[in-house]
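Asks: What follows is the file work.pdb, containing PDB, C-alpha atoms and all ligand atoms:
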```pdb
MODEL        1
ATOM      1  CA  MET A 468      -0.943  23.915   3.151
ATOM      2  CA  GLU A 469       1.992  23.232   5.434
ATOM      3  CA  PHE A 470       5.287  21.801   4.230
ATOM      4  CA  ARG A 471       7.963  19.445   5.538
ATOM      5  CA  THR A 472      11.617  19.952   4.724
ATOM      6  CA  LEU A 473      13.328  16.721   3.768
ATOM      7  CA  GLY A 474      16.991  15.956   4.423
ATOM      8  CA  GLY A 475      18.616  17.287   1.271
ATOM      9  CA  GLY A 476      16.437  20.398   1.369
ATOM     10  CA  ALA A 477      13.361  19.522  -0.727
ATOM     11  CA  GLN A 478      10.067  20.896   0.567
ATOM     12  CA  ILE A 479       7.017  18.661   0.323
ATOM     13  CA  PRO A 480       3.387  19.281   1.312
ATOM     14  CA  CYS A 481       2.242  17.616   4.533
ATOM     15  CA  LEU A 482      -0.909  16.316   2.771
ATOM     16  CA  GLY A 483      -1.125  14.164  -0.335
ATOM     17  CA  ILE A 484      -3.528  11.871  -2.128
ATOM     18  CA  GLY A 485      -3.156   8.076  -1.815
ATOM     19  CA  THR A 486      -4.029   5.615  -4.570
ATOM     20  CA  PHE A 487      -3.726   2.146  -2.968
ATOM     21  CA  ARG A 488      -6.526  -0.141  -4.233
ATOM     22  CA  ILE A 489      -7.855   2.669  -6.453
ATOM     23  CA  ARG A 490      -8.625   1.254  -9.884
ATOM     24  CA  PRO A 491      -7.066   2.972 -12.905
ATOM     25  CA  GLU A 492     -10.399   4.377 -14.106
ATOM     26  CA  ASP A 493     -10.987   5.885 -10.650
ATOM     27  CA  CYS A 494      -7.444   7.339 -10.500
ATOM     28  CA  GLU A 495      -8.233   9.272 -13.650
ATOM     29  CA  ILE A 496     -10.957  10.999 -11.623
ATOM     30  CA  SER A 497      -9.397  11.122  -8.138
ATOM     31  CA  VAL A 498      -5.984  12.485  -9.143
ATOM     32  CA  PRO A 499      -7.283  15.542 -11.063
ATOM     33  CA  ALA A 500      -9.933  16.073  -8.353
ATOM     34  CA  ALA A 501      -7.167  16.160  -5.742
ATOM     35  CA  ILE A 502      -5.048  18.568  -7.768
ATOM     36  CA  GLU A 503      -8.117  20.769  -8.270
ATOM     37  CA  ALA A 504      -8.679  20.700  -4.477
ATOM     38  CA  GLY A 505      -5.118  21.914  -3.892
ATOM     39  CA  TYR A 506      -3.167  18.694  -3.344
ATOM     40  CA  ARG A 507       0.325  18.748  -4.795
ATOM     41  CA  LEU A 508       1.623  15.401  -3.452
ATOM     42  CA  ILE A 509       0.536  12.164  -5.132
ATOM     43  CA  ASP A 510       1.359   8.675  -3.898
ATOM     44  CA  THR A 511       1.372   5.539  -6.044
ATOM     45  CA  ALA A 512       3.502   2.383  -6.358
ATOM     46  CA  ASN A 513       4.626  -0.065  -9.041
ATOM     47  CA  VAL A 514       2.551  -2.770  -7.377
ATOM     48  CA  TYR A 515      -0.698  -0.746  -7.361
ATOM     49  CA  LEU A 516      -0.811  -1.265 -11.136
ATOM     50  CA  ASN A 517      -2.321   2.197 -11.625
ATOM     51  CA  GLU A 518       0.750   4.306 -12.492
ATOM     52  CA  LYS A 519      -0.300   4.838 -16.124
ATOM     53  CA  ALA A 520      -3.696   6.150 -14.987
ATOM     54  CA  VAL A 521      -2.068   8.336 -12.318
ATOM     55  CA  GLY A 522       0.120   9.811 -15.067
ATOM     56  CA  ARG A 523      -2.943  10.444 -17.234
ATOM     57  CA  GLY A 524      -4.751  12.008 -14.258
ATOM     58  CA  ILE A 525      -1.843  14.400 -13.728
ATOM     59  CA  LYS A 526      -1.857  15.414 -17.388
ATOM     60  CA  LYS A 527      -5.628  15.916 -17.259
ATOM     61  CA  ALA A 528      -5.243  18.331 -14.313
ATOM     62  CA  GLY A 529      -3.044  20.557 -16.460
ATOM     63  CA  VAL A 530      -0.810  22.003 -13.726
ATOM     64  CA  PRO A 531       2.904  22.367 -14.442
ATOM     65  CA  ARG A 532       4.759  19.140 -13.609
ATOM     66  CA  GLU A 533       7.224  21.004 -11.397
ATOM     67  CA  GLU A 534       4.388  22.027  -9.038
ATOM     68  CA  LEU A 535       3.778  18.381  -8.171
ATOM     69  CA  ILE A 536       5.568  15.919  -5.925
ATOM     70  CA  LEU A 537       5.086  12.451  -7.344
ATOM     71  CA  THR A 538       5.957   9.455  -5.183
ATOM     72  CA  THR A 539       6.177   5.857  -6.322
ATOM     73  CA  LYS A 540       7.636   2.648  -4.893
ATOM     74  CA  LEU A 541       9.751  -0.226  -6.130
ATOM     75  CA  TRP A 542       8.429  -3.693  -5.246
ATOM     76  CA  PRO A 543      10.798  -6.430  -3.859
ATOM     77  CA  THR A 544      10.523  -8.640  -6.990
ATOM     78  CA  GLU A 545      12.631  -5.890  -8.627
ATOM     79  CA  PHE A 546      15.252  -5.498  -5.903
ATOM     80  CA  LYS A 547      18.280  -6.946  -7.711
ATOM     81  CA  TYR A 548      20.491  -4.103  -8.949
ATOM     82  CA  GLN A 549      19.991  -4.657 -12.698
ATOM     83  CA  LYS A 550      16.252  -5.279 -12.377
ATOM     84  CA  ALA A 551      15.858  -2.167 -10.247
ATOM     85  CA  LYS A 552      17.749  -0.075 -12.830
ATOM     86  CA  ALA A 553      15.425  -1.296 -15.574
ATOM     87  CA  GLN A 554      12.338  -0.815 -13.413
ATOM     88  CA  ILE A 555      13.193   2.834 -12.745
ATOM     89  CA  ASP A 556      13.111   3.488 -16.505
ATOM     90  CA  ALA A 557       9.926   1.443 -16.935
ATOM     91  CA  THR A 558       8.325   3.406 -14.084
ATOM     92  CA  LEU A 559       9.163   6.753 -15.703
ATOM     93  CA  LYS A 560       7.567   5.533 -18.905
ATOM     94  CA  ARG A 561       4.401   4.303 -17.181
ATOM     95  CA  LEU A 562       3.995   7.563 -15.259
ATOM     96  CA  GLY A 563       4.654   9.594 -18.421
ATOM     97  CA  THR A 564       7.234  11.779 -16.736
ATOM     98  CA  ASP A 565      10.987  12.279 -17.030
ATOM     99  CA  TYR A 566      11.642  12.372 -13.285
ATOM    100  CA  ILE A 567      10.206  10.907 -10.096
ATOM    101  CA  ASP A 568      10.204  13.222  -7.088
ATOM    102  CA  ILE A 569      10.326  10.509  -4.437
ATOM    103  CA  MET A 570      11.039   6.829  -4.967
ATOM    104  CA  LEU A 571      10.728   4.428  -2.045
ATOM    105  CA  LEU A 572      11.747   0.836  -1.522
ATOM    106  CA  HIS A 573       8.298  -0.568  -0.779
ATOM    107  CA  GLN A 574       9.434  -3.291   1.637
ATOM    108  CA  GLN A 575      12.512  -4.323   3.580
ATOM    109  CA  TYR A 576      12.777  -7.819   2.009
ATOM    110  CA  GLY A 577      15.070  -9.093  -0.756
ATOM    111  CA  ASP A 578      18.212  -7.442  -2.116
ATOM    112  CA  VAL A 579      17.646  -4.055  -0.473
ATOM    113  CA  LEU A 580      21.229  -2.865  -0.929
ATOM    114  CA  GLY A 581      21.322  -3.829  -4.629
ATOM    115  CA  ALA A 582      18.079  -1.950  -5.214
ATOM    116  CA  TRP A 583      19.286   1.045  -3.219
ATOM    117  CA  LYS A 584      22.444   1.281  -5.338
ATOM    118  CA  ALA A 585      20.221   1.449  -8.431
ATOM    119  CA  LEU A 586      18.109   4.193  -6.833
ATOM    120  CA  GLU A 587      21.233   6.157  -5.909
ATOM    121  CA  GLU A 588      22.349   5.991  -9.527
ATOM    122  CA  GLY A 589      18.850   7.133 -10.521
ATOM    123  CA  VAL A 590      19.422  10.225  -8.375
ATOM    124  CA  ARG A 591      22.810  10.905  -9.946
ATOM    125  CA  GLU A 592      21.291  10.512 -13.420
ATOM    126  CA  GLY A 593      18.509  13.020 -12.611
ATOM    127  CA  LYS A 594      15.736  10.409 -12.861
ATOM    128  CA  ILE A 595      14.820  10.594  -9.155
ATOM    129  CA  LYS A 596      15.049  13.557  -6.802
ATOM    130  CA  THR A 597      14.632  12.044  -3.324
ATOM    131  CA  LEU A 598      14.900   8.514  -1.914
ATOM    132  CA  GLY A 599      13.014   6.861   0.902
ATOM    133  CA  VAL A 600      11.812   3.572   2.294
ATOM    134  CA  SER A 601       8.557   2.035   3.373
ATOM    135  CA  ASN A 602       7.723  -0.533   6.018
ATOM    136  CA  PHE A 603      11.306  -0.821   7.267
ATOM    137  CA  ASP A 604      11.866  -1.700  10.907
ATOM    138  CA  GLU A 605      14.698  -0.089  12.861
ATOM    139  CA  LYS A 606      17.109  -2.963  12.259
ATOM    140  CA  HIS A 607      16.745  -2.842   8.470
ATOM    141  CA  LEU A 608      16.881   0.956   8.467
ATOM    142  CA  ILE A 609      20.148   0.970  10.416
ATOM    143  CA  LYS A 610      21.681  -1.543   7.998
ATOM    144  CA  LEU A 611      20.697   0.622   5.049
ATOM    145  CA  LEU A 612      22.012   3.788   6.702
ATOM    146  CA  ALA A 613      25.356   2.073   7.262
ATOM    147  CA  ASN A 614      25.624   1.109   3.583
ATOM    148  CA  CYS A 615      24.275   4.035   1.592
ATOM    149  CA  THR A 616      25.738   7.128  -0.015
ATOM    150  CA  VAL A 617      22.331   8.821  -0.431
ATOM    151  CA  LYS A 618      20.339   8.717   2.811
ATOM    152  CA  PRO A 619      16.602   7.944   2.877
ATOM    153  CA  ALA A 620      14.770  11.214   3.567
ATOM    154  CA  ILE A 621      11.322   9.775   4.149
ATOM    155  CA  MET A 622       9.820   6.607   5.649
ATOM    156  CA  GLN A 623       6.267   5.545   4.827
ATOM    157  CA  VAL A 624       4.678   3.285   7.462
ATOM    158  CA  GLU A 625       1.268   2.362   8.822
ATOM    159  CA  CYS A 626       0.390   5.078  11.320
ATOM    160  CA  HIS A 627      -2.863   6.278  12.906
ATOM    161  CA  PRO A 628      -4.104   6.982  16.435
ATOM    162  CA  TYR A 629      -4.371   3.238  17.211
ATOM    163  CA  TYR A 630      -0.796   2.645  15.970
ATOM    164  CA  GLN A 631       1.269   5.731  16.706
ATOM    165  CA  GLN A 632       4.753   4.332  15.982
ATOM    166  CA  THR A 633       6.228   5.942  19.096
ATOM    167  CA  ALA A 634       9.490   3.941  19.132
ATOM    168  CA  LEU A 635      10.201   4.269  15.407
ATOM    169  CA  ARG A 636       9.494   8.008  15.550
ATOM    170  CA  GLU A 637      12.392   8.541  17.946
ATOM    171  CA  ARG A 638      14.806   6.854  15.537
ATOM    172  CA  LEU A 639      13.452   8.764  12.522
ATOM    173  CA  LYS A 640      13.827  12.060  14.355
ATOM    174  CA  LYS A 641      17.422  11.218  15.192
ATOM    175  CA  GLU A 642      18.162  10.396  11.546
ATOM    176  CA  ASN A 643      16.243  13.418  10.176
ATOM    177  CA  ILE A 644      13.812  11.185   8.272
ATOM    178  CA  VAL A 645      10.224  12.407   7.827
ATOM    179  CA  LEU A 646       7.439   9.964   8.716
ATOM    180  CA  GLU A 647       4.681   9.583   6.135
ATOM    181  CA  SER A 648       1.518   7.858   7.411
ATOM    182  CA  TRP A 649      -0.224   5.184   5.397
ATOM    183  CA  TYR A 650      -3.629   3.897   6.537
ATOM    184  CA  PRO A 651      -3.966   7.332   8.218
ATOM    185  CA  LEU A 652      -7.715   6.667   8.557
ATOM    186  CA  GLY A 653      -7.152   3.029   9.508
ATOM    187  CA  SER A 654      -8.195   2.185   5.952
ATOM    188  CA  GLY A 655     -11.589   3.762   6.724
ATOM    189  CA  ASN A 656     -12.102   1.578   9.823
ATOM    190  CA  SER A 657     -15.477   2.393  11.366
ATOM    191  CA  GLY A 658     -14.181   1.834  14.934
ATOM    192  CA  LEU A 659     -11.458   4.457  14.497
ATOM    193  CA  LEU A 660     -13.725   6.896  12.632
ATOM    194  CA  GLY A 661     -16.451   6.400  15.253
ATOM    195  CA  GLU A 662     -14.084   6.614  18.249
ATOM    196  CA  GLU A 663     -15.719   8.693  21.002
ATOM    197  CA  THR A 664     -12.728  11.012  21.484
ATOM    198  CA  VAL A 665     -12.597  11.691  17.751
ATOM    199  CA  ARG A 666     -16.348  12.346  17.570
ATOM    200  CA  ASN A 667     -16.196  14.709  20.555
ATOM    201  CA  LEU A 668     -13.334  16.662  19.016
ATOM    202  CA  ALA A 669     -15.203  16.806  15.719
ATOM    203  CA  GLU A 670     -18.134  18.395  17.525
ATOM    204  CA  LYS A 671     -15.880  20.769  19.470
ATOM    205  CA  HIS A 672     -14.154  22.067  16.314
ATOM    206  CA  GLY A 673     -17.116  21.872  13.925
ATOM    207  CA  LYS A 674     -15.209  19.397  11.739
ATOM    208  CA  THR A 675     -15.705  15.777  10.652
ATOM    209  CA  ALA A 676     -14.089  12.777  12.363
ATOM    210  CA  VAL A 677     -11.864  12.252   9.311
ATOM    211  CA  GLN A 678     -10.691  15.863   9.474
ATOM    212  CA  ILE A 679      -9.817  15.448  13.172
ATOM    213  CA  LEU A 680      -7.779  12.332  12.373
ATOM    214  CA  LEU A 681      -5.924  14.045   9.529
ATOM    215  CA  ARG A 682      -5.298  17.160  11.600
ATOM    216  CA  TRP A 683      -3.775  14.966  14.308
ATOM    217  CA  HIS A 684      -1.300  13.519  11.759
ATOM    218  CA  VAL A 685      -0.340  16.994  10.570
ATOM    219  CA  GLN A 686       0.180  18.301  14.105
ATOM    220  CA  GLU A 687       2.348  15.283  14.970
ATOM    221  CA  GLY A 688       4.645  16.478  12.180
ATOM    222  CA  PHE A 689       3.861  13.652   9.735
ATOM    223  CA  VAL A 690       3.132  13.741   6.042
ATOM    224  CA  VAL A 691      -0.294  12.198   5.517
ATOM    225  CA  ILE A 692      -1.688  10.649   2.325
ATOM    226  CA  PRO A 693      -5.347   9.650   2.783
ATOM    227  CA  GLY A 694      -6.648   7.491  -0.046
ATOM    228  CA  SER A 695      -9.984   8.222  -1.679
ATOM    229  CA  LYS A 696     -11.717   7.816  -4.992
ATOM    230  CA  ASN A 697     -14.522  10.166  -3.953
ATOM    231  CA  PRO A 698     -14.020  13.825  -4.990
ATOM    232  CA  LEU A 699     -16.207  15.015  -2.069
ATOM    233  CA  HIS A 700     -14.050  13.107   0.440
ATOM    234  CA  ILE A 701     -10.909  14.366  -1.297
ATOM    235  CA  LYS A 702     -12.100  17.956  -0.815
ATOM    236  CA  GLU A 703     -13.144  17.324   2.790
ATOM    237  CA  ASN A 704      -9.744  15.788   3.569
ATOM    238  CA  ALA A 705      -7.933  18.895   2.345
ATOM    239  CA  ASP A 706     -10.028  21.217   4.509
ATOM    240  CA  ILE A 707      -7.930  20.817   7.657
ATOM    241  CA  PHE A 708      -5.828  23.958   7.727
ATOM    242  CA  ASP A 709      -8.313  26.391   9.286
ATOM    243  CA  PHE A 710      -8.341  24.962  12.829
ATOM    244  CA  GLU A 711      -5.972  23.560  15.424
ATOM    245  CA  LEU A 712      -6.159  20.824  18.029
ATOM    246  CA  ASP A 713      -4.982  22.236  21.360
ATOM    247  CA  GLU A 714      -2.590  20.477  23.746
ATOM    248  CA  ASP A 715      -5.471  18.812  25.642
ATOM    249  CA  ASP A 716      -6.984  17.573  22.365
ATOM    250  CA  MET A 717      -3.610  16.149  21.310
ATOM    251  CA  LYS A 718      -3.257  14.408  24.693
ATOM    252  CA  LEU A 719      -6.657  12.778  24.221
ATOM    253  CA  MET A 720      -5.680  11.637  20.725
ATOM    254  CA  ARG A 721      -2.345  10.272  21.946
ATOM    255  CA  ALA A 722      -4.179   8.280  24.623
ATOM    256  CA  LEU A 723      -5.895   6.266  21.857
ATOM    257  CA  ASP A 724      -2.683   4.397  21.026
ATOM    258  CA  LYS A 725      -3.092   0.633  21.450
ATOM    259  CA  ASN A 726      -0.281  -0.617  19.230
ATOM    260  CA  LYS A 727      -2.987  -2.015  16.934
ATOM    261  CA  ARG A 728      -2.268  -2.451  13.239
ATOM    262  CA  PHE A 729      -4.923  -2.841  10.568
ATOM    263  CA  PHE A 730      -2.569  -4.449   8.011
ATOM    264  CA  LYS A 731      -2.677  -8.098   8.910
ATOM    265  CA  VAL A 732      -0.178 -10.116   6.798
ATOM    266  CA  PRO A 733       2.312 -11.603   9.343
ATOM    267  CA  LYS A 734       5.959 -10.553   8.893
ATOM    268  CA  VAL A 735       7.144 -14.109   8.324
ATOM    269  CA  LEU A 736       4.741 -14.458   5.380
ATOM    270  CA  GLN A 737       5.703 -11.019   4.040
ATOM    271  CA  ARG A 738       9.380 -12.017   4.016
ATOM    272  CA  ILE A 739       8.620 -15.125   1.958
ATOM    273  CA  MET A 740       5.868 -13.771  -0.274
ATOM    274  CA  PHE A 741       6.877 -10.247  -1.234
ATOM    275  CA  PRO A 742      10.170 -10.919  -3.099
ATOM    276  CA  LEU A 743       8.727 -13.939  -4.910
ATOM    277  CA  GLY A 744       6.802 -14.288  -8.114
ATOM    278  CA  LYS A 745       6.648 -12.271 -11.251
ATOM    279  CA  ILE A 746       4.387  -9.270 -11.540
ATOM    280  CA  ASP A 747       3.678  -7.777 -14.935
ATOM    281  CA  PHE A 748       3.793  -4.091 -14.038
ATOM    282  CA  GLU A 749       2.910  -3.176 -17.613
ATOM    283  CA  LYS A 750      -0.398  -4.994 -17.444
ATOM    284  CA  GLN A 751      -2.572  -1.985 -16.683
ATOM    285  CA  PRO A 752      -4.681   0.259 -18.868
TER     286      PRO A 752
HETATM  287  N1  LIG A 801       3.682   1.891   1.715
HETATM  288  C1  LIG A 801       2.735   1.012   1.917
HETATM  289  O1  LIG A 801       2.981  -0.183   2.138
HETATM  290  C2  LIG A 801       1.308   1.463   1.862
HETATM  291  C3  LIG A 801       0.282   0.616   2.305
HETATM  292  C4  LIG A 801      -1.020   1.080   2.241
HETATM  293  C5  LIG A 801      -1.286   2.363   1.758
HETATM  294  N2  LIG A 801      -0.273   3.150   1.318
HETATM  295  C6  LIG A 801      -0.527   4.521   0.782
HETATM  296  O2  LIG A 801      -1.211   5.255   1.782
HETATM  297  C7  LIG A 801      -2.442   5.745   1.257
HETATM  298  C8  LIG A 801      -3.476   5.818   2.360
HETATM  299  O3  LIG A 801      -3.840   4.537   2.790
HETATM  300  P1  LIG A 801      -5.241   3.854   2.362
HETATM  301  O4  LIG A 801      -5.804   4.596   1.221
HETATM  302  O5  LIG A 801      -4.993   2.413   2.158
HETATM  303  O6  LIG A 801      -6.107   4.006   3.669
HETATM  304  P2  LIG A 801      -6.765   5.288   4.388
HETATM  305  O7  LIG A 801      -6.333   6.537   3.736
HETATM  306  O8  LIG A 801      -6.526   5.110   5.840
HETATM  307  O9  LIG A 801      -8.314   5.032   4.139
HETATM  308  C9  LIG A 801      -8.879   4.997   2.862
HETATM  309  C10 LIG A 801     -10.355   4.698   3.054
HETATM  310  O10 LIG A 801     -10.970   5.771   3.755
HETATM  311  C11 LIG A 801     -12.107   6.237   3.007
HETATM  312  N3  LIG A 801     -12.153   7.700   3.146
HETATM  313  C12 LIG A 801     -11.242   8.619   2.719
HETATM  314  N4  LIG A 801     -11.658   9.863   3.006
HETATM  315  C13 LIG A 801     -12.860   9.738   3.619
HETATM  316  C14 LIG A 801     -13.774  10.665   4.140
HETATM  317  N5  LIG A 801     -13.554  11.984   4.093
HETATM  318  N6  LIG A 801     -14.925  10.196   4.711
HETATM  319  C15 LIG A 801     -15.162   8.850   4.766
HETATM  320  N7  LIG A 801     -14.315   7.912   4.296
HETATM  321  C16 LIG A 801     -13.171   8.361   3.715
HETATM  322  C17 LIG A 801     -11.851   5.826   1.576
HETATM  323  O11 LIG A 801     -13.073   5.610   0.916
HETATM  324  P3  LIG A 801     -13.534   6.528  -0.360
HETATM  325  O12 LIG A 801     -12.669   6.095  -1.516
HETATM  326  O13 LIG A 801     -14.964   6.160  -0.514
HETATM  327  O14 LIG A 801     -13.322   7.961   0.021
HETATM  328  C18 LIG A 801     -11.090   4.507   1.752
HETATM  329  O15 LIG A 801     -12.000   3.439   1.926
HETATM  330  C19 LIG A 801      -2.768   4.732   0.147
HETATM  331  O16 LIG A 801      -3.785   5.184  -0.707
HETATM  332  C20 LIG A 801      -1.426   4.522  -0.471
HETATM  333  O17 LIG A 801      -1.112   5.565  -1.362
HETATM  334  C21 LIG A 801       1.016   2.729   1.382
ENDMDL
END
```
Please rewrite the model in this file as structure tokens.
Ligand SMILES: NC(=O)c1ccc[n+]([C@@H]2O[C@H](COP(=O)([O-])OP(=O)(O)OC[C@H]3O[C@@H](n4cnc5c(N)ncnc54)[C@H](OP(=O)(O)O)[C@@H]3O)[C@@H](O)[C@H]2O)c1
Replies:
Amino acid sequence: MEFRTLGGGAQIPCLGIGTFRIRPEDCEISVPAAIEAGYRLIDTANVYLNEKAVGRGIKKAGVPREELILTTKLWPTEFKYQKAKAQIDATLKRLGTDYIDIMLLHQQYGDVLGAWKALEEGVREGKIKTLGVSNFDEKHLIKLLANCTVKPAIMQVECHPYYQQTALRERLKKENIVLESWYPLGSGNSGLLGEETVRNLAEKHGKTAVQILLRWHVQEGFVVIPGSKNPLHIKENADIFDFELDEDDMKLMRALDKNKRFFKVPKVLQRIMFPLGKIDFEKQP
């Protein structure tokens, strides 16, 4: 395993297990399978409605809590200061833990600064170790940086060879913020997995297409959190540390960038939809 050092000094593994759209009963299998396969970074979110099962999966694995890095995310319906404060405590309870390693603001919409203040207090109270954001564009990130006392150390965004985030990466580097890739496999997109360059590199290195994709993320310096409910895939995805893509391979992978996202909800709709409504985060087995 390789590690990334976050601003603030924490070390986190460059590979973790994702749980988006993984049902609670599957998380109880996938999370211990990942821990058994050597993963020590686990990604969930309030809005995935699987935090209780992720917590149970962690307990089932039986490794000491301090060996794990547990990430979760606050959803924009909870972004007012008081609501965010309460949601941090509710999140701890759902996960069955007394601290969260990394807590992210899931989106850039709503009362971001109110929510951030609550997260900062969570850090001071020992409930959260590291803060970060997800899906922020540069403009929203700069506004947050100008108004925070605890800096975000990590930014989780859609990133894969078709959407390489080249502009944002420059800014993150400047601010010492680690990029964490979501949809690292394009959400399992068959076009990306079947891409000729990726298939050729898989043959060259005696690896699978998925392993080539994940290795590319690691060598770009990202943290990568492929999602899977399949223990065989989970094992395969962790088997990426015994080979290296050379400079020519990396050039070929970089040439695949087409600024193409797989997540399709338009920004204007996101801005309206995400902070609205009432989600019962407790309604999960
Ligand atoms: N911050 C955000 O807004 C945000 C948004 C989306 C996701 N995320 C996080 O990022 C994580 C990764 O994204 P994702 O899970 O949506 O997409 P992904 O990792 O790009 O792709 C997941 C898909 O790939 C398949 N897959 C995984 N390993 C495979 C393998 N070795 N061979 C063949 N297929 C394989 C999975 O199917 P199987 O289950 O059958 O293996 C699943 O259908 C999420 O789980 C979540 O934790 C964050």
Asks: Evaluate the PyMOL selection byres (((chain A and resi 468) around 7) and not hetatm) here and jot the selected residues down as an NGL selection string.
Replies: :A and (469-470 or 480 or 708)
Asks: Select, from A:Ile644, A:Leu743, A:Val498, A:Ala613, the residue with the minimum atom-to-atom distance to Tyr576 (chain A), counting only C-alpha atoms.
Replies: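 Looking at the shortest contact to Tyr576 (chain A), the residue is A:Leu743.
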Asks: Report the residues retrieved by the PyMOL selection byres (((chain A and resi 587) around 12) and not hetatm) from the displayed file, expressed as a ChimeraX atom specification.
Replies: /A:548,551-552,555,569-572,580-586,588-599,614-619
Asks: Report as an NGL selection string all protein, DNA and RNA residues lying within 12 Å of Lys734 (chain A), evaluated on all atoms listed in the file, omitting residues in the same chain fewer than 6 positions from it.
Replies: :A and (574-576 or 602-604 or 740-741)
Asks: Considering all atoms listed in the file, state which residue in the set A:Ile536, A:Met622, A:Ile692, A:Leu562 is at the smallest distance from ligand LIG 801 (chain A).
Replies: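 Closest candidate: A:Ile692.
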Asks: Select, counting all atoms listed in the file, all protein, DNA and RNA residues no farther than 12 Å from (13.9, 15.8, 13.9) in file coordinates, and express the selection as number ranges by chain.
Replies: A: 471-474, 620-621, 636-646, 687-689
Asks: Which neighbours of Arg490 (chain A) fall inside 9 Å, counting all atoms listed in the file, when residues of the same chain fewer than 5 positions from it are skipped, and could you give them as a list in words?
Replies: Glu495, Tyr515, Leu516, Asn517, Ala520 and Lys696 of chain A
Asks: Is there a way to get, as a short mmCIF file (atom, residue, chain, number, x, y, z; two decimals) with C-alpha atoms, in the frame of the given file, all residues within 10 Å of the point (-8.5, 18.9, -6.8) in file coordinates, counting all atoms listed in the file?
Replies:
```cif
data_model
loop_
_atom_site.label_atom_id
_atom_site.label_comp_id
_atom_site.auth_asym_id
_atom_site.auth_seq_id
_atom_site.Cartn_x
_atom_site.Cartn_y
_atom_site.Cartn_z
CA ILE A 484 -3.53 11.87 -2.13
CA ILE A 496 -10.96 11.00 -11.62
CA SER A 497 -9.40 11.12 -8.14
CA VAL A 498 -5.98 12.48 -9.14
CA PRO A 499 -7.28 15.54 -11.06
CA ALA A 500 -9.93 16.07 -8.35
CA ALA A 501 -7.17 16.16 -5.74
CA ILE A 502 -5.05 18.57 -7.77
CA GLU A 503 -8.12 20.77 -8.27
CA ALA A 504 -8.68 20.70 -4.48
CA GLY A 505 -5.12 21.91 -3.89
CA TYR A 506 -3.17 18.69 -3.34
CA ARG A 507 0.32 18.75 -4.80
CA ALA A 528 -5.24 18.33 -14.31
CA PRO A 698 -14.02 13.82 -4.99
CA LEU A 699 -16.21 15.02 -2.07
CA ILE A 701 -10.91 14.37 -1.30
CA LYS A 702 -12.10 17.96 -0.82
CA ALA A 705 -7.93 18.90 2.35
#
```
Asks: Nearest to Asn704 (chain A): which of A:Met720, A:Ile489, A:Leu652, A:Ile746 is it, counting all atoms listed in the file?
Replies: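 Nearest candidate to Asn704 (chain A) out of A:Met720, A:Ile489, A:Leu652, A:Ile746: A:Leu652.
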Asks: Would you compute the distance between CA of Asp493 (chain A) and CA of Pro651 (chain A)? Give it in Å to one decimal.
Replies: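 CA of Pro651 (chain A) lies 20.2 Å from CA of Asp493 (chain A).
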Asks: As a check of understanding, name the residues that the PyMOL selection byres (((not hetatm)) within 7 of (chain A and resi 801)) selects in the supplied structure, as a PyMOL selection string.
Replies: chain A and resi 484-488+510-511+573+601-602+623-625+648-655+677+692-697+700-701+703-704
Asks: Pick out the closest residue to Glu518 (chain A) from this set: A:Pro733, A:Gly563, A:Gly475, A:Gly483. Count all atoms listed in the file.
Replies: A:Gly563
Asks: Rounded to one decimal place, report the CA of Thr564 (chain A)-CA of Phe546 (chain A) distance in Å.
Replies: 21.9 Å
Asks: What does the distance between CA of Lys560 (chain A) and CA of Ile739 (chain A) come to in Å, to one decimal place?
Replies: 29.4 Å
Asks: Can you list, as a PDB file with C-alpha atoms, keeping the file's coordinate frame, every protein, DNA or RNA residue that comes within 9 Å of Leu680 (chain A) when you count only C-alpha atoms, leaving out same-chain residues fewer than 3 positions away?
Replies:
```
ATOM      1  CA  HIS A 627      -2.863   6.278  12.906  1.00  0.00           C
ATOM      2  CA  PRO A 628      -4.104   6.982  16.435  1.00  0.00           C
ATOM      3  CA  PRO A 651      -3.966   7.332   8.218  1.00  0.00           C
ATOM      4  CA  LEU A 652      -7.715   6.667   8.557  1.00  0.00           C
ATOM      5  CA  LEU A 659     -11.458   4.457  14.497  1.00  0.00           C
ATOM      6  CA  LEU A 660     -13.725   6.896  12.632  1.00  0.00           C
ATOM      7  CA  VAL A 665     -12.597  11.691  17.751  1.00  0.00           C
ATOM      8  CA  THR A 675     -15.705  15.777  10.652  1.00  0.00           C
ATOM      9  CA  ALA A 676     -14.089  12.777  12.363  1.00  0.00           C
ATOM     10  CA  VAL A 677     -11.864  12.252   9.311  1.00  0.00           C
ATOM     11  CA  TRP A 683      -3.775  14.966  14.308  1.00  0.00           C
ATOM     12  CA  HIS A 684      -1.300  13.519  11.759  1.00  0.00           C
ATOM     13  CA  VAL A 685      -0.340  16.994  10.570  1.00  0.00           C
ATOM     14  CA  MET A 720      -5.680  11.637  20.725  1.00  0.00           C
TER      15      MET A 720
END
```
Asks: Find the spatial neighbours of Val690 (chain A), counting all atoms listed in the file, within a cut-off of 6 Å - ignore same-chain residues fewer than 2 positions away - and output them as a list in words.
Replies: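 Near Val690 (chain A), the qualifying residues are Cys481, Leu482 and Glu647 of chain A.
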Asks: Between A:Tyr629, A:Lys750, A:Ile707, A:Arg666, which one has atoms that come closest to Asp724 (chain A), using all atoms listed in the file?
Replies: A:Tyr629
Asks: Axis-aligned box over every listed atom of region 609-627 of chain A, padded by 5 Å per side: centre and edges in Å to one decimal, as JSON?
Replies:
```
{"center_x": 11.4, "center_y": 4.8, "center_z": 6.2, "size_x": 38.6, "size_y": 22.8, "size_z": 23.3}
```
Asks: Which one of A:Asp715, A:Gln632, A:Glu492, A:Arg532 sits closest to Ile509 (chain A) if you count all atoms listed in the file?
Replies: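 Looking only at the distances to Ile509 (chain A), the closest residue turns out to be A:Arg532.
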